[in-house]
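> The structure that follows is given in the form of structure tokens.
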Amino acid sequence: MKRDRIEDIAALLDKRGKLTLEQLDECFPDVSQMTLRRDLYLLEQQGRIIRVRGGAMSVKEVQKISGEPYTKKTTLHTDEKIIIAQKAASLIDENVSVFIDGGTTAMYLAKELPDINVHVFTNGLAVAIELVQKKNINVTMIGGQVMRDNLSTASPVARSYFDNTNFEIAVLSTSAFTPEQGFSCASQIEADLLKMVRAKAKSLYMMLDSSKVGKINPYTFAQYSDIDVLISDNNLPPEVKETFTQRNIVVM
């Protein structure tokens, strides 16, 4: 019976794309929310859904707008990404302009961001698609070459675009971090774009999934001195946290 219910939940999510826990309650009135949460956790472990705050979405929904590499990334370290996204969302106030990058953690931030009056610049396709579903958020997409692995865009001509735009905050995610090499990513054109964003923003918030600590990618786009706030999950090693706090960087 449990297996049948889990399959029914998966089928319903595949059909509708997204469901809140309240909607699942209506569909399964004889099942407790705790049981439904366990069912969603099991489906996520099987790689069939992505849990988001207050519910879940089907992996097939993500696949509609993404390729396999990006879809796979969205299902890795989900709990950590949700925690980071919730913290980052709490730092974005109404009536500000903000740049959000195109990483999978940024996609979770787009989901967690309240529907408030903000202007978001982004180079993330999935981020933009998620945000435009919220009526009060104004979204501007940065053009350029599309990078399939993370569904983001970058272009050398972005520099001229940034000359005529303004945003107070940049919220970036990183693919890798070491104290020696800083924050790095796999694409030079993306690193160049993030450096431009870094220089433009008044404040830089860096989202660091603890699983990325100790990894090195080819292109560094930021160092300690460039960031104002580090946003991580509960598994950030204490010694890494200390290296940031010693430099008077706020760690969340």
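Please note that chains go A, B, ... in the order of the structure tokens, that every chain numbers its residues from 1, and that ligands are numbered from 1 in the order shown.
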Fewer than 6 positions away in the same chain doesn't count, so skip those; otherwise give me all residues within 12 Å of Arg3 (chain A), counting only C-alpha atoms, as a PDB file with N, CA and C atoms, in the first residue's frame.


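Printed below is around-v2.pdb as written:
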```
ATOM      1  N   ILE A   9       1.902   9.438  -5.727  1.00  0.00           N
ATOM      2  CA  ILE A   9       2.445  10.786  -5.508  1.00  0.00           C
ATOM      3  C   ILE A   9       3.370  11.173  -6.658  1.00  0.00           C
ATOM      4  N   ALA A  10       4.242  10.251  -7.056  1.00  0.00           N
ATOM      5  CA  ALA A  10       5.172  10.518  -8.153  1.00  0.00           C
ATOM      6  C   ALA A  10       4.418  10.813  -9.448  1.00  0.00           C
ATOM      7  N   ASP A  39       7.494  10.247   2.395  1.00  0.00           N
ATOM      8  CA  ASP A  39       7.329   9.766   1.020  1.00  0.00           C
ATOM      9  C   ASP A  39       8.102  10.650   0.046  1.00  0.00           C
ATOM     10  N   LEU A  42      11.786   9.936   0.259  1.00  0.00           N
ATOM     11  CA  LEU A  42      12.135   8.704  -0.439  1.00  0.00           C
ATOM     12  C   LEU A  42      12.180   8.922  -1.947  1.00  0.00           C
ATOM     13  N   LEU A  43      11.207   9.649  -2.463  1.00  0.00           N
ATOM     14  CA  LEU A  43      11.187   9.933  -3.902  1.00  0.00           C
ATOM     15  C   LEU A  43      12.385  10.784  -4.311  1.00  0.00           C
TER      16      LEU A  43
END
```

> Write out as a ChimeraX atom specification the set of residues from region 55-221 of chain A that DSSP, computed on the backbone, places in strand (DSSP E).

/A:55-58,97-100,118-122,137-141,145-147,152-154,169-173,176-178,182-185,203-208,219-221

> Mind dumping the selected residues with C-alpha atoms as a PDB file, in the first residue's frame?


```
ATOM      1  CA  GLY A  55       6.188  20.888  -1.145  1.00  0.00           C
ATOM      2  CA  ALA A  56       7.948  19.297  -4.104  1.00  0.00           C
ATOM      3  CA  MET A  57       8.358  19.423  -7.860  1.00  0.00           C
ATOM      4  CA  SER A  58       8.880  16.694 -10.412  1.00  0.00           C
ATOM      5  CA  SER A  97      17.994  45.548  -7.270  1.00  0.00           C
ATOM      6  CA  VAL A  98      19.993  42.322  -7.138  1.00  0.00           C
ATOM      7  CA  PHE A  99      22.024  40.084  -9.424  1.00  0.00           C
ATOM      8  CA  ILE A 100      21.519  36.325  -9.005  1.00  0.00           C
ATOM      9  CA  VAL A 118      12.480  43.645  -6.355  1.00  0.00           C
ATOM     10  CA  HIS A 119      14.379  43.904  -9.630  1.00  0.00           C
ATOM     11  CA  VAL A 120      16.463  40.815 -10.378  1.00  0.00           C
ATOM     12  CA  PHE A 121      19.183  40.636 -13.000  1.00  0.00           C
ATOM     13  CA  THR A 122      20.254  37.083 -13.797  1.00  0.00           C
ATOM     14  CA  ILE A 137       9.408  40.516  -9.232  1.00  0.00           C
ATOM     15  CA  ASN A 138      10.859  42.326 -12.230  1.00  0.00           C
ATOM     16  CA  VAL A 139      13.321  40.057 -14.077  1.00  0.00           C
ATOM     17  CA  THR A 140      16.029  41.048 -16.556  1.00  0.00           C
ATOM     18  CA  MET A 141      17.884  38.275 -18.351  1.00  0.00           C
ATOM     19  CA  GLN A 145      26.315  32.173 -25.005  1.00  0.00           C
ATOM     20  CA  VAL A 146      24.262  29.490 -23.264  1.00  0.00           C
ATOM     21  CA  MET A 147      26.300  27.056 -21.164  1.00  0.00           C
ATOM     22  CA  SER A 152      23.369  30.112 -17.750  1.00  0.00           C
ATOM     23  CA  THR A 153      24.544  32.725 -20.214  1.00  0.00           C
ATOM     24  CA  ALA A 154      27.759  34.718 -20.478  1.00  0.00           C
ATOM     25  CA  ILE A 169      23.557  43.324  -4.232  1.00  0.00           C
ATOM     26  CA  ALA A 170      25.045  40.342  -6.037  1.00  0.00           C
ATOM     27  CA  VAL A 171      24.196  36.860  -4.780  1.00  0.00           C
ATOM     28  CA  LEU A 172      26.570  34.353  -6.362  1.00  0.00           C
ATOM     29  CA  SER A 173      27.149  30.625  -5.955  1.00  0.00           C
ATOM     30  CA  ALA A 176      34.492  25.144  -5.766  1.00  0.00           C
ATOM     31  CA  PHE A 177      36.379  26.808  -2.926  1.00  0.00           C
ATOM     32  CA  THR A 178      39.764  26.503  -1.256  1.00  0.00           C
ATOM     33  CA  GLY A 182      39.360  31.200  -3.662  1.00  0.00           C
ATOM     34  CA  PHE A 183      35.994  30.749  -5.379  1.00  0.00           C
ATOM     35  CA  SER A 184      36.215  29.118  -8.793  1.00  0.00           C
ATOM     36  CA  CYS A 185      34.130  27.810 -11.670  1.00  0.00           C
ATOM     37  CA  SER A 203      27.628  44.135  -1.589  1.00  0.00           C
ATOM     38  CA  LEU A 204      28.524  40.573  -2.539  1.00  0.00           C
ATOM     39  CA  TYR A 205      26.876  37.557  -0.892  1.00  0.00           C
ATOM     40  CA  MET A 206      28.478  34.209  -1.697  1.00  0.00           C
ATOM     41  CA  MET A 207      26.487  30.967  -1.438  1.00  0.00           C
ATOM     42  CA  LEU A 208      28.801  28.069  -0.598  1.00  0.00           C
ATOM     43  CA  TYR A 219      38.964  29.734 -13.144  1.00  0.00           C
ATOM     44  CA  THR A 220      38.917  31.827  -9.971  1.00  0.00           C
ATOM     45  CA  PHE A 221      36.372  34.668  -9.944  1.00  0.00           C
TER      46      PHE A 221
END
```

> Give me the residues within 9 Å of region 109-114 of chain A as a list in words, counting only C-alpha atoms and dropping any in the same chain fewer than 2 places off.

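In the requested form, the answer reads Val52, Arg53, Lys81, Ile82, Ile84, Ala85, Gln86, Lys87, Ala88, Ala89, Ser90, Ile92, Ile100, Thr104, Thr105, Ala106, Met107, Ile116, Ala126, Val127, Ala128, Glu130, Leu131, Lys134 and Ile137 of chain A.
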
> Just the alpha helix (DSSP H) stuff from region 70-172 of chain A, please, per backbone DSSP, written as a count of residues only.

38
